[in-house]
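Have a look at run-v7.cif; it's mmCIF, N, CA and C atoms and all ligand atoms:
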```
data_structure
#
loop_
_atom_site.label_atom_id
_atom_site.label_comp_id
_atom_site.auth_asym_id
_atom_site.auth_seq_id
_atom_site.Cartn_x
_atom_site.Cartn_y
_atom_site.Cartn_z
N MET S 723 37.66 -34.14 29.05
CA MET S 723 37.09 -33.22 30.03
C MET S 723 36.92 -31.83 29.44
N CYS S 724 35.84 -31.19 29.81
CA CYS S 724 35.58 -29.83 29.33
C CYS S 724 35.03 -29.04 30.52
N ILE S 725 34.71 -27.78 30.30
CA ILE S 725 34.23 -26.99 31.45
C ILE S 725 32.83 -27.40 31.91
N PHE S 726 32.10 -28.18 31.07
CA PHE S 726 30.84 -28.76 31.56
C PHE S 726 31.15 -29.77 32.66
N CYS S 727 32.07 -30.65 32.36
CA CYS S 727 32.42 -31.73 33.29
C CYS S 727 33.02 -31.19 34.57
N THR S 728 33.86 -30.17 34.47
CA THR S 728 34.53 -29.62 35.65
C THR S 728 33.68 -28.56 36.34
N LYS S 729 32.53 -28.26 35.74
CA LYS S 729 31.59 -27.26 36.28
C LYS S 729 32.22 -25.86 36.41
N GLU S 730 33.18 -25.56 35.55
CA GLU S 730 33.82 -24.24 35.58
C GLU S 730 33.12 -23.24 34.68
N TYR S 731 31.84 -23.29 34.67
CA TYR S 731 31.10 -22.31 33.88
C TYR S 731 30.15 -21.56 34.81
N ASP S 732 29.76 -20.39 34.40
CA ASP S 732 28.74 -19.66 35.15
C ASP S 732 27.89 -18.88 34.15
N GLU S 733 27.04 -18.04 34.66
CA GLU S 733 26.11 -17.35 33.76
C GLU S 733 26.80 -16.37 32.80
N LYS S 734 28.08 -16.04 33.06
CA LYS S 734 28.81 -15.14 32.16
C LYS S 734 29.52 -15.88 31.04
N THR S 735 29.55 -17.19 31.09
CA THR S 735 30.25 -17.98 30.07
C THR S 735 29.66 -17.72 28.69
N THR S 736 30.55 -17.47 27.71
CA THR S 736 30.06 -17.18 26.36
C THR S 736 30.41 -18.28 25.36
N TYR S 737 31.41 -19.11 25.66
CA TYR S 737 31.93 -20.03 24.65
C TYR S 737 32.17 -21.39 25.30
N ILE S 738 31.58 -22.43 24.76
CA ILE S 738 31.80 -23.76 25.33
C ILE S 738 32.03 -24.79 24.23
N ILE S 739 33.08 -25.58 24.42
CA ILE S 739 33.28 -26.75 23.58
C ILE S 739 33.13 -27.96 24.49
N GLY S 740 32.03 -28.67 24.32
CA GLY S 740 31.76 -29.81 25.19
C GLY S 740 32.51 -31.05 24.74
N CYS S 741 32.91 -31.89 25.68
CA CYS S 741 33.57 -33.15 25.31
C CYS S 741 32.51 -34.24 25.16
N SER S 742 32.94 -35.43 24.77
CA SER S 742 31.98 -36.49 24.46
C SER S 742 31.22 -37.01 25.68
N SER S 743 31.64 -36.64 26.90
CA SER S 743 30.96 -37.13 28.11
C SER S 743 29.68 -36.37 28.44
N ILE S 744 29.47 -35.21 27.84
CA ILE S 744 28.31 -34.43 28.26
C ILE S 744 27.00 -35.06 27.77
N THR S 745 25.98 -34.93 28.60
CA THR S 745 24.67 -35.47 28.26
C THR S 745 23.60 -34.39 28.31
N GLU S 746 23.95 -33.24 28.89
CA GLU S 746 22.98 -32.19 29.08
C GLU S 746 23.65 -30.82 28.95
N ILE S 747 22.92 -29.86 28.39
CA ILE S 747 23.45 -28.49 28.25
C ILE S 747 22.73 -27.61 29.26
N PRO S 748 23.48 -26.91 30.14
CA PRO S 748 22.80 -26.00 31.07
C PRO S 748 22.30 -24.76 30.36
N LEU S 749 21.36 -24.11 30.99
CA LEU S 749 20.80 -22.89 30.41
C LEU S 749 21.71 -21.71 30.77
N LEU S 750 22.48 -21.26 29.79
CA LEU S 750 23.42 -20.17 30.03
C LEU S 750 23.02 -18.97 29.20
N PRO S 751 22.56 -17.91 29.87
CA PRO S 751 21.96 -16.79 29.14
C PRO S 751 22.92 -16.05 28.23
N ASN S 752 24.23 -16.08 28.51
CA ASN S 752 25.16 -15.31 27.69
C ASN S 752 25.97 -16.14 26.71
N LEU S 753 25.65 -17.41 26.62
CA LEU S 753 26.40 -18.27 25.71
C LEU S 753 26.17 -17.85 24.26
N THR S 754 27.28 -17.63 23.53
CA THR S 754 27.14 -17.27 22.11
C THR S 754 27.60 -18.40 21.20
N THR S 755 28.51 -19.24 21.69
CA THR S 755 29.02 -20.33 20.86
C THR S 755 28.97 -21.64 21.64
N LEU S 756 28.35 -22.63 21.04
CA LEU S 756 28.25 -23.94 21.69
C LEU S 756 28.63 -25.03 20.69
N HIS S 757 29.63 -25.81 21.07
CA HIS S 757 30.03 -26.99 20.29
C HIS S 757 29.67 -28.21 21.13
N CYS S 758 28.70 -28.98 20.68
CA CYS S 758 28.34 -30.18 21.43
C CYS S 758 28.12 -31.35 20.48
N SER S 759 28.88 -31.38 19.38
CA SER S 759 28.77 -32.47 18.43
C SER S 759 29.42 -33.73 19.00
N TRP S 760 29.03 -34.88 18.47
CA TRP S 760 29.59 -36.18 18.91
C TRP S 760 29.40 -36.38 20.41
N THR S 761 28.23 -35.98 20.94
CA THR S 761 27.96 -36.20 22.36
C THR S 761 26.65 -36.96 22.48
N ASN S 762 26.24 -37.25 23.71
CA ASN S 762 25.00 -37.98 23.94
C ASN S 762 23.84 -37.07 24.32
N ILE S 763 23.97 -35.80 24.04
CA ILE S 763 22.87 -34.90 24.37
C ILE S 763 21.66 -35.23 23.48
N THR S 764 20.48 -34.97 24.03
CA THR S 764 19.26 -35.20 23.26
C THR S 764 18.47 -33.91 23.11
N GLU S 765 18.92 -32.85 23.77
CA GLU S 765 18.15 -31.62 23.77
C GLU S 765 19.05 -30.39 23.80
N ILE S 766 18.64 -29.36 23.07
CA ILE S 766 19.32 -28.05 23.12
C ILE S 766 18.38 -27.10 23.87
N PRO S 767 18.84 -26.48 24.96
CA PRO S 767 17.93 -25.55 25.66
C PRO S 767 17.77 -24.24 24.89
N LEU S 768 16.85 -23.46 25.32
CA LEU S 768 16.60 -22.17 24.70
C LEU S 768 17.69 -21.20 25.18
N LEU S 769 18.67 -20.97 24.33
CA LEU S 769 19.81 -20.12 24.69
C LEU S 769 19.64 -18.80 23.93
N PRO S 770 19.23 -17.76 24.65
CA PRO S 770 18.78 -16.55 23.96
C PRO S 770 19.85 -15.83 23.15
N ASN S 771 21.12 -15.98 23.52
CA ASN S 771 22.16 -15.24 22.81
C ASN S 771 23.04 -16.09 21.91
N LEU S 772 22.66 -17.32 21.74
CA LEU S 772 23.48 -18.23 20.94
C LEU S 772 23.56 -17.78 19.48
N LYS S 773 24.80 -17.70 18.96
CA LYS S 773 25.02 -17.32 17.56
C LYS S 773 25.53 -18.49 16.73
N THR S 774 26.32 -19.34 17.34
CA THR S 774 26.89 -20.48 16.62
C THR S 774 26.59 -21.77 17.37
N LEU S 775 26.00 -22.72 16.67
CA LEU S 775 25.67 -24.00 17.29
C LEU S 775 26.16 -25.14 16.41
N HIS S 776 27.05 -25.95 16.97
CA HIS S 776 27.50 -27.18 16.32
C HIS S 776 26.95 -28.35 17.13
N CYS S 777 25.96 -29.01 16.61
CA CYS S 777 25.35 -30.11 17.35
C CYS S 777 25.18 -31.32 16.45
N TYR S 778 26.07 -31.47 15.45
CA TYR S 778 25.98 -32.60 14.53
C TYR S 778 26.41 -33.92 15.20
N ASN S 779 25.95 -35.01 14.60
CA ASN S 779 26.22 -36.34 15.15
C ASN S 779 25.80 -36.47 16.61
N THR S 780 24.55 -36.09 16.88
CA THR S 780 23.97 -36.28 18.21
C THR S 780 22.58 -36.89 18.00
N ASN S 781 21.87 -37.14 19.12
CA ASN S 781 20.52 -37.70 19.02
C ASN S 781 19.44 -36.66 19.22
N ILE S 782 19.75 -35.41 19.03
CA ILE S 782 18.72 -34.40 19.20
C ILE S 782 17.63 -34.57 18.15
N THR S 783 16.41 -34.20 18.56
CA THR S 783 15.28 -34.34 17.65
C THR S 783 14.69 -32.99 17.30
N GLU S 784 15.18 -31.94 17.95
CA GLU S 784 14.57 -30.63 17.79
C GLU S 784 15.60 -29.51 17.91
N ILE S 785 15.40 -28.47 17.12
CA ILE S 785 16.18 -27.23 17.27
C ILE S 785 15.21 -26.20 17.86
N PRO S 786 15.52 -25.63 19.03
CA PRO S 786 14.59 -24.64 19.58
C PRO S 786 14.65 -23.34 18.79
N LEU S 787 13.74 -22.47 19.05
CA LEU S 787 13.72 -21.16 18.40
C LEU S 787 14.81 -20.30 19.05
N LEU S 788 15.92 -20.18 18.36
CA LEU S 788 17.06 -19.44 18.88
C LEU S 788 17.14 -18.13 18.09
N PRO S 789 16.67 -17.05 18.68
CA PRO S 789 16.45 -15.84 17.89
C PRO S 789 17.72 -15.22 17.32
N ASN S 790 18.87 -15.46 17.93
CA ASN S 790 20.09 -14.82 17.45
C ASN S 790 21.04 -15.75 16.71
N LEU S 791 20.59 -16.94 16.44
CA LEU S 791 21.46 -17.93 15.80
C LEU S 791 21.85 -17.51 14.38
N ILE S 792 23.15 -17.59 14.08
CA ILE S 792 23.67 -17.23 12.76
C ILE S 792 24.17 -18.47 12.01
N GLU S 793 24.80 -19.39 12.73
CA GLU S 793 25.33 -20.60 12.10
C GLU S 793 24.80 -21.83 12.81
N LEU S 794 24.24 -22.74 12.03
CA LEU S 794 23.70 -23.98 12.60
C LEU S 794 24.23 -25.18 11.84
N TYR S 795 24.97 -26.02 12.53
CA TYR S 795 25.51 -27.26 11.96
C TYR S 795 24.81 -28.41 12.68
N CYS S 796 23.77 -28.94 12.08
CA CYS S 796 22.97 -29.96 12.77
C CYS S 796 22.83 -31.21 11.92
N TYR S 797 23.82 -31.51 11.07
CA TYR S 797 23.73 -32.69 10.20
C TYR S 797 23.88 -33.98 11.01
N ASN S 798 23.33 -35.02 10.41
CA ASN S 798 23.38 -36.34 11.06
C ASN S 798 22.75 -36.33 12.45
N THR S 799 21.52 -35.85 12.52
CA THR S 799 20.75 -35.87 13.77
C THR S 799 19.35 -36.37 13.42
N ASN S 800 18.46 -36.42 14.43
CA ASN S 800 17.10 -36.91 14.20
C ASN S 800 16.10 -35.79 14.06
N ILE S 801 16.56 -34.59 13.78
CA ILE S 801 15.61 -33.48 13.66
C ILE S 801 14.72 -33.66 12.43
N THR S 802 13.50 -33.16 12.56
CA THR S 802 12.54 -33.27 11.46
C THR S 802 12.13 -31.91 10.94
N GLU S 803 12.57 -30.86 11.64
CA GLU S 803 12.11 -29.51 11.31
C GLU S 803 13.19 -28.48 11.61
N ILE S 804 13.21 -27.45 10.79
CA ILE S 804 14.07 -26.28 11.07
C ILE S 804 13.12 -25.15 11.46
N PRO S 805 13.28 -24.57 12.65
CA PRO S 805 12.37 -23.48 13.01
C PRO S 805 12.70 -22.22 12.22
N LEU S 806 11.85 -21.25 12.30
CA LEU S 806 12.08 -19.98 11.63
C LEU S 806 13.12 -19.20 12.44
N LEU S 807 14.32 -19.20 11.94
CA LEU S 807 15.43 -18.55 12.63
C LEU S 807 15.78 -17.29 11.86
N PRO S 808 15.35 -16.14 12.36
CA PRO S 808 15.40 -14.93 11.54
C PRO S 808 16.79 -14.48 11.16
N ASN S 809 17.81 -14.82 11.96
CA ASN S 809 19.15 -14.32 11.67
C ASN S 809 20.09 -15.36 11.08
N LEU S 810 19.56 -16.54 10.81
CA LEU S 810 20.42 -17.62 10.34
C LEU S 810 21.02 -17.33 8.97
N LYS S 811 22.37 -17.51 8.87
CA LYS S 811 23.06 -17.32 7.59
C LYS S 811 23.55 -18.64 7.02
N THR S 812 24.00 -19.53 7.90
CA THR S 812 24.54 -20.80 7.43
C THR S 812 23.76 -21.95 8.06
N LEU S 813 23.26 -22.84 7.22
CA LEU S 813 22.49 -23.99 7.70
C LEU S 813 23.04 -25.25 7.05
N VAL S 814 23.56 -26.14 7.89
CA VAL S 814 24.05 -27.42 7.40
C VAL S 814 23.19 -28.49 8.06
N CYS S 815 22.22 -28.99 7.32
CA CYS S 815 21.24 -29.92 7.90
C CYS S 815 21.15 -31.18 7.07
N SER S 816 22.23 -31.58 6.42
CA SER S 816 22.26 -32.81 5.63
C SER S 816 22.06 -34.03 6.54
N ARG S 817 21.60 -35.12 5.94
CA ARG S 817 21.39 -36.37 6.66
C ARG S 817 20.53 -36.19 7.91
N THR S 818 19.36 -35.57 7.71
CA THR S 818 18.36 -35.44 8.77
C THR S 818 17.02 -35.84 8.15
N ASN S 819 15.96 -35.79 8.97
CA ASN S 819 14.63 -36.16 8.46
C ASN S 819 13.78 -34.95 8.10
N ILE S 820 14.42 -33.82 7.90
CA ILE S 820 13.63 -32.64 7.58
C ILE S 820 12.98 -32.79 6.20
N THR S 821 11.80 -32.21 6.09
CA THR S 821 11.06 -32.31 4.84
C THR S 821 10.93 -30.96 4.15
N GLU S 822 11.22 -29.89 4.88
CA GLU S 822 11.18 -28.58 4.23
C GLU S 822 12.12 -27.58 4.88
N ILE S 823 12.46 -26.58 4.08
CA ILE S 823 13.30 -25.48 4.53
C ILE S 823 12.38 -24.27 4.68
N PRO S 824 12.33 -23.68 5.88
CA PRO S 824 11.45 -22.51 6.02
C PRO S 824 12.04 -21.30 5.30
N LEU S 825 11.27 -20.28 5.19
CA LEU S 825 11.72 -19.05 4.56
C LEU S 825 12.65 -18.32 5.54
N LEU S 826 13.93 -18.49 5.34
CA LEU S 826 14.91 -17.90 6.25
C LEU S 826 15.50 -16.69 5.53
N PRO S 827 15.11 -15.51 5.95
CA PRO S 827 15.41 -14.32 5.14
C PRO S 827 16.89 -14.01 4.98
N ASN S 828 17.72 -14.42 5.92
CA ASN S 828 19.15 -14.06 5.83
C ASN S 828 20.06 -15.21 5.44
N LEU S 829 19.48 -16.32 5.05
CA LEU S 829 20.30 -17.49 4.74
C LEU S 829 21.16 -17.27 3.49
N THR S 830 22.47 -17.54 3.63
CA THR S 830 23.37 -17.43 2.47
C THR S 830 23.91 -18.80 2.05
N ASP S 831 24.06 -19.72 3.01
CA ASP S 831 24.65 -21.02 2.71
C ASP S 831 23.75 -22.14 3.22
N LEU S 832 23.34 -23.00 2.30
CA LEU S 832 22.43 -24.08 2.67
C LEU S 832 22.98 -25.41 2.16
N TYR S 833 23.18 -26.33 3.09
CA TYR S 833 23.63 -27.69 2.76
C TYR S 833 22.56 -28.64 3.29
N CYS S 834 21.83 -29.25 2.39
CA CYS S 834 20.70 -30.07 2.83
C CYS S 834 20.63 -31.38 2.04
N SER S 835 21.78 -31.95 1.71
CA SER S 835 21.81 -33.22 0.99
C SER S 835 21.28 -34.36 1.86
N HIS S 836 20.81 -35.43 1.23
CA HIS S 836 20.32 -36.62 1.94
C HIS S 836 19.24 -36.24 2.97
N THR S 837 18.26 -35.48 2.52
CA THR S 837 17.11 -35.16 3.37
C THR S 837 15.85 -35.49 2.56
N LYS S 838 14.70 -35.22 3.15
CA LYS S 838 13.44 -35.52 2.49
C LYS S 838 12.79 -34.28 1.91
N ILE S 839 13.55 -33.21 1.81
CA ILE S 839 12.94 -31.99 1.28
C ILE S 839 12.62 -32.15 -0.21
N THR S 840 11.55 -31.53 -0.60
CA THR S 840 11.12 -31.63 -1.99
C THR S 840 11.21 -30.29 -2.70
N GLU S 841 11.43 -29.25 -1.96
CA GLU S 841 11.42 -27.93 -2.56
C GLU S 841 12.34 -26.99 -1.78
N ILE S 842 13.01 -26.13 -2.51
CA ILE S 842 13.82 -25.08 -1.85
C ILE S 842 13.04 -23.78 -2.04
N PRO S 843 12.71 -23.10 -0.94
CA PRO S 843 11.97 -21.85 -1.12
C PRO S 843 12.85 -20.77 -1.75
N LEU S 844 12.26 -19.72 -2.16
CA LEU S 844 13.01 -18.61 -2.74
C LEU S 844 13.73 -17.87 -1.61
N LEU S 845 15.03 -18.07 -1.52
CA LEU S 845 15.83 -17.45 -0.47
C LEU S 845 16.71 -16.42 -1.16
N SER S 846 16.34 -15.18 -1.00
CA SER S 846 16.95 -14.14 -1.84
C SER S 846 18.43 -13.89 -1.56
N ASN S 847 18.94 -14.28 -0.40
CA ASN S 847 20.35 -14.04 -0.12
C ASN S 847 21.23 -15.27 -0.31
N LEU S 848 20.65 -16.35 -0.81
CA LEU S 848 21.39 -17.60 -0.93
C LEU S 848 22.49 -17.51 -1.97
N THR S 849 23.72 -17.90 -1.57
CA THR S 849 24.83 -17.92 -2.53
C THR S 849 25.36 -19.35 -2.71
N THR S 850 25.17 -20.21 -1.71
CA THR S 850 25.66 -21.59 -1.81
C THR S 850 24.53 -22.56 -1.49
N LEU S 851 24.34 -23.51 -2.39
CA LEU S 851 23.30 -24.52 -2.17
C LEU S 851 23.84 -25.89 -2.54
N GLU S 852 23.74 -26.82 -1.59
CA GLU S 852 24.10 -28.20 -1.88
C GLU S 852 22.92 -29.06 -1.47
N CYS S 853 22.33 -29.74 -2.43
CA CYS S 853 21.14 -30.54 -2.11
C CYS S 853 21.15 -31.88 -2.85
N TRP S 854 22.27 -32.60 -2.81
CA TRP S 854 22.38 -33.93 -3.38
C TRP S 854 21.37 -34.87 -2.71
N ASN S 855 20.94 -35.85 -3.47
CA ASN S 855 20.07 -36.88 -2.92
C ASN S 855 18.83 -36.35 -2.20
N THR S 856 18.20 -35.39 -2.82
CA THR S 856 16.88 -34.95 -2.39
C THR S 856 16.07 -34.94 -3.68
N ILE S 857 14.80 -34.63 -3.57
CA ILE S 857 14.08 -34.48 -4.82
C ILE S 857 13.68 -33.03 -5.01
N ALA S 858 14.51 -32.15 -4.44
CA ALA S 858 14.22 -30.73 -4.48
C ALA S 858 14.45 -30.14 -5.88
N LYS S 859 13.59 -29.23 -6.20
CA LYS S 859 13.81 -28.44 -7.40
C LYS S 859 13.84 -26.98 -6.95
N ASN S 860 14.75 -26.24 -7.47
CA ASN S 860 14.88 -24.84 -7.06
C ASN S 860 13.80 -24.01 -7.74
N THR S 861 12.92 -23.44 -6.94
CA THR S 861 11.79 -22.70 -7.53
C THR S 861 12.06 -21.20 -7.52
ZN ZN G 1 33.59 -32.72 29.41
#
```

Have the structure of the file written as structure tokens, please.
Amino acid sequence: MCIFCTKEYDEKTTYIIGCSSITEIPLLPNLTTLHCSWTNITEIPLLPNLKTLHCYNTNITEIPLLPNLIELYCYNTNITEIPLLPNLKTLVCSRTNITEIPLLPNLTDLYCSHTKITEIPLLSNLTTLECWNTIAKNT
């Protein structure tokens, strides 16, 4: 059980760790941290203040344009694309169907092993890169 299940959240809620029973994420304008990994959700709503998103091991197919997102852990999902997330610093998107990494100006940590990407763009702030089992070459 989590506060999704007990409905103990409101529009002021900033932090949620969802349990495995959740199937849907409500639209919470002030949410900054969302953990919904290992759940049956299929969609992430447009959460304008979200900074940290853990949605790995789910059936989501899309990451919405989350303008304030800093950390994204979306490995082992069905996503095919990473949107242009201007504030993203950490991206863990291994074991997905993505084919490219967009030009993310603030990215420092990128984990994209077991994907279909063929190229890593020039990311000037990148300090950590893991890209096993891709055919990417660092350009
Ligand atoms: Zn719950």

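As for atom N of Pro767 of chain S and atom CA of Asn790 of chain S, they are spaced 13.9 Å apart.
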
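From atom C of Thr783 of chain S back to atom C of Asn762 of chain S, the distance works out to 12.2 Å.
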
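If you look at atom CA of Asn828 of chain S and atom N of Ile792 of chain S, they are 9.8 Å away from each other.
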
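Selecting strand (DSSP E or B) from the backbone DSSP output for segment 739-860 of chain S yields Ile739, Thr755, Leu756, His757, Thr774, Leu775, His776, Glu793, Leu794, Tyr795, Thr812, Leu813, Val814, Asp831, Leu832, Tyr833, Glu841, Ile842, Thr850, Leu851, Glu852, Lys859 and Asn860 of chain S.
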
Quick one: which chain S residues come within 7 Å of ligand ZN 1 (chain G), and what is the nearest atom pair for each with the distance in Å to one decimal, counting all atoms listed in the file, rows ordered by chain and ascending number, as CSV?
```
residue,atom,partner,partner_atom,distance
S:Met723,C,G:ZN1,ZN,3.4
S:Cys724,N,G:ZN1,ZN,2.8
S:Ile725,N,G:ZN1,ZN,5.1
S:Phe726,C,G:ZN1,ZN,5.0
S:Cys727,N,G:ZN1,ZN,3.9
S:Thr728,N,G:ZN1,ZN,5.7
S:Ile739,C,G:ZN1,ZN,6.9
S:Gly740,C,G:ZN1,ZN,5.1
S:Cys741,N,G:ZN1,ZN,3.9
S:Ser742,N,G:ZN1,ZN,5.4
S:Ser743,N,G:ZN1,ZN,5.0
S:Ile744,N,G:ZN1,ZN,5.1
```

Between S:Thr812, S:Thr761, S:Thr818, S:Thr745, which one has atoms that come closest to Leu848 of chain S, using only C-alpha atoms?
S:Thr812

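Of the listed residues S:Cys815, S:Ile738, S:Ile804, S:Cys853, the one whose atoms come nearest to Tyr778 of chain S is S:Cys815, with distances taken using only C-alpha atoms.
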
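Candidate residues S:Asp732, S:Glu822, S:Glu746, S:Glu784 were compared for distance to Pro843 of chain S, and the nearest is S:Glu822, using all atoms listed in the file.
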
Taking (22.9, -24.7, 1.6) in the file's own coordinates, collect the residues within 6 Å, counting only C-alpha atoms, and hand them back as a PDB file with N, CA and C atoms, in the frame of the given file.
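Contents of result03.pdb, freshly written:
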```
ATOM      1  N   ASP S 831      24.060 -19.720   3.010  1.00  0.00           N
ATOM      2  CA  ASP S 831      24.650 -21.020   2.710  1.00  0.00           C
ATOM      3  C   ASP S 831      23.750 -22.140   3.220  1.00  0.00           C
ATOM      4  N   LEU S 832      23.340 -23.000   2.300  1.00  0.00           N
ATOM      5  CA  LEU S 832      22.430 -24.080   2.670  1.00  0.00           C
ATOM      6  C   LEU S 832      22.980 -25.410   2.160  1.00  0.00           C
ATOM      7  N   TYR S 833      23.180 -26.330   3.090  1.00  0.00           N
ATOM      8  CA  TYR S 833      23.630 -27.690   2.760  1.00  0.00           C
ATOM      9  C   TYR S 833      22.560 -28.640   3.290  1.00  0.00           C
ATOM     10  N   CYS S 834      21.830 -29.250   2.390  1.00  0.00           N
ATOM     11  CA  CYS S 834      20.700 -30.070   2.830  1.00  0.00           C
ATOM     12  C   CYS S 834      20.630 -31.380   2.040  1.00  0.00           C
ATOM     13  N   THR S 850      25.170 -20.210  -1.710  1.00  0.00           N
ATOM     14  CA  THR S 850      25.660 -21.590  -1.810  1.00  0.00           C
ATOM     15  C   THR S 850      24.530 -22.560  -1.490  1.00  0.00           C
ATOM     16  N   LEU S 851      24.340 -23.510  -2.390  1.00  0.00           N
ATOM     17  CA  LEU S 851      23.300 -24.520  -2.170  1.00  0.00           C
ATOM     18  C   LEU S 851      23.840 -25.890  -2.540  1.00  0.00           C
ATOM     19  N   GLU S 852      23.740 -26.820  -1.590  1.00  0.00           N
ATOM     20  CA  GLU S 852      24.100 -28.200  -1.880  1.00  0.00           C
ATOM     21  C   GLU S 852      22.920 -29.060  -1.470  1.00  0.00           C
TER      22      GLU S 852
END
```

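When only N, CA and C atoms are used to measure the gap to Leu768 of chain S, the shortest distance among S:Asn781, S:Thr755, S:Lys811, S:Leu787 belongs to S:Leu787.
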
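For the choices S:Ile766, S:Trp760, S:Glu730, S:Leu813, the atom-to-atom distance to Ile747 of chain S is smallest for S:Ile766 when using only N, CA and C atoms.
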
May I have the protein, DNA and RNA residues with any atom at most 8 Å from the point (29.2, -13.1, 30.6), counting only N, CA and C atoms, written as an NGL selection string?
:S and (732-736 or 751-753)

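Checking S:Tyr795, S:Tyr737, S:Trp854, S:Leu769 one by one against Leu750 of chain S, counting only C-alpha atoms, you find the shortest gap at S:Leu769.
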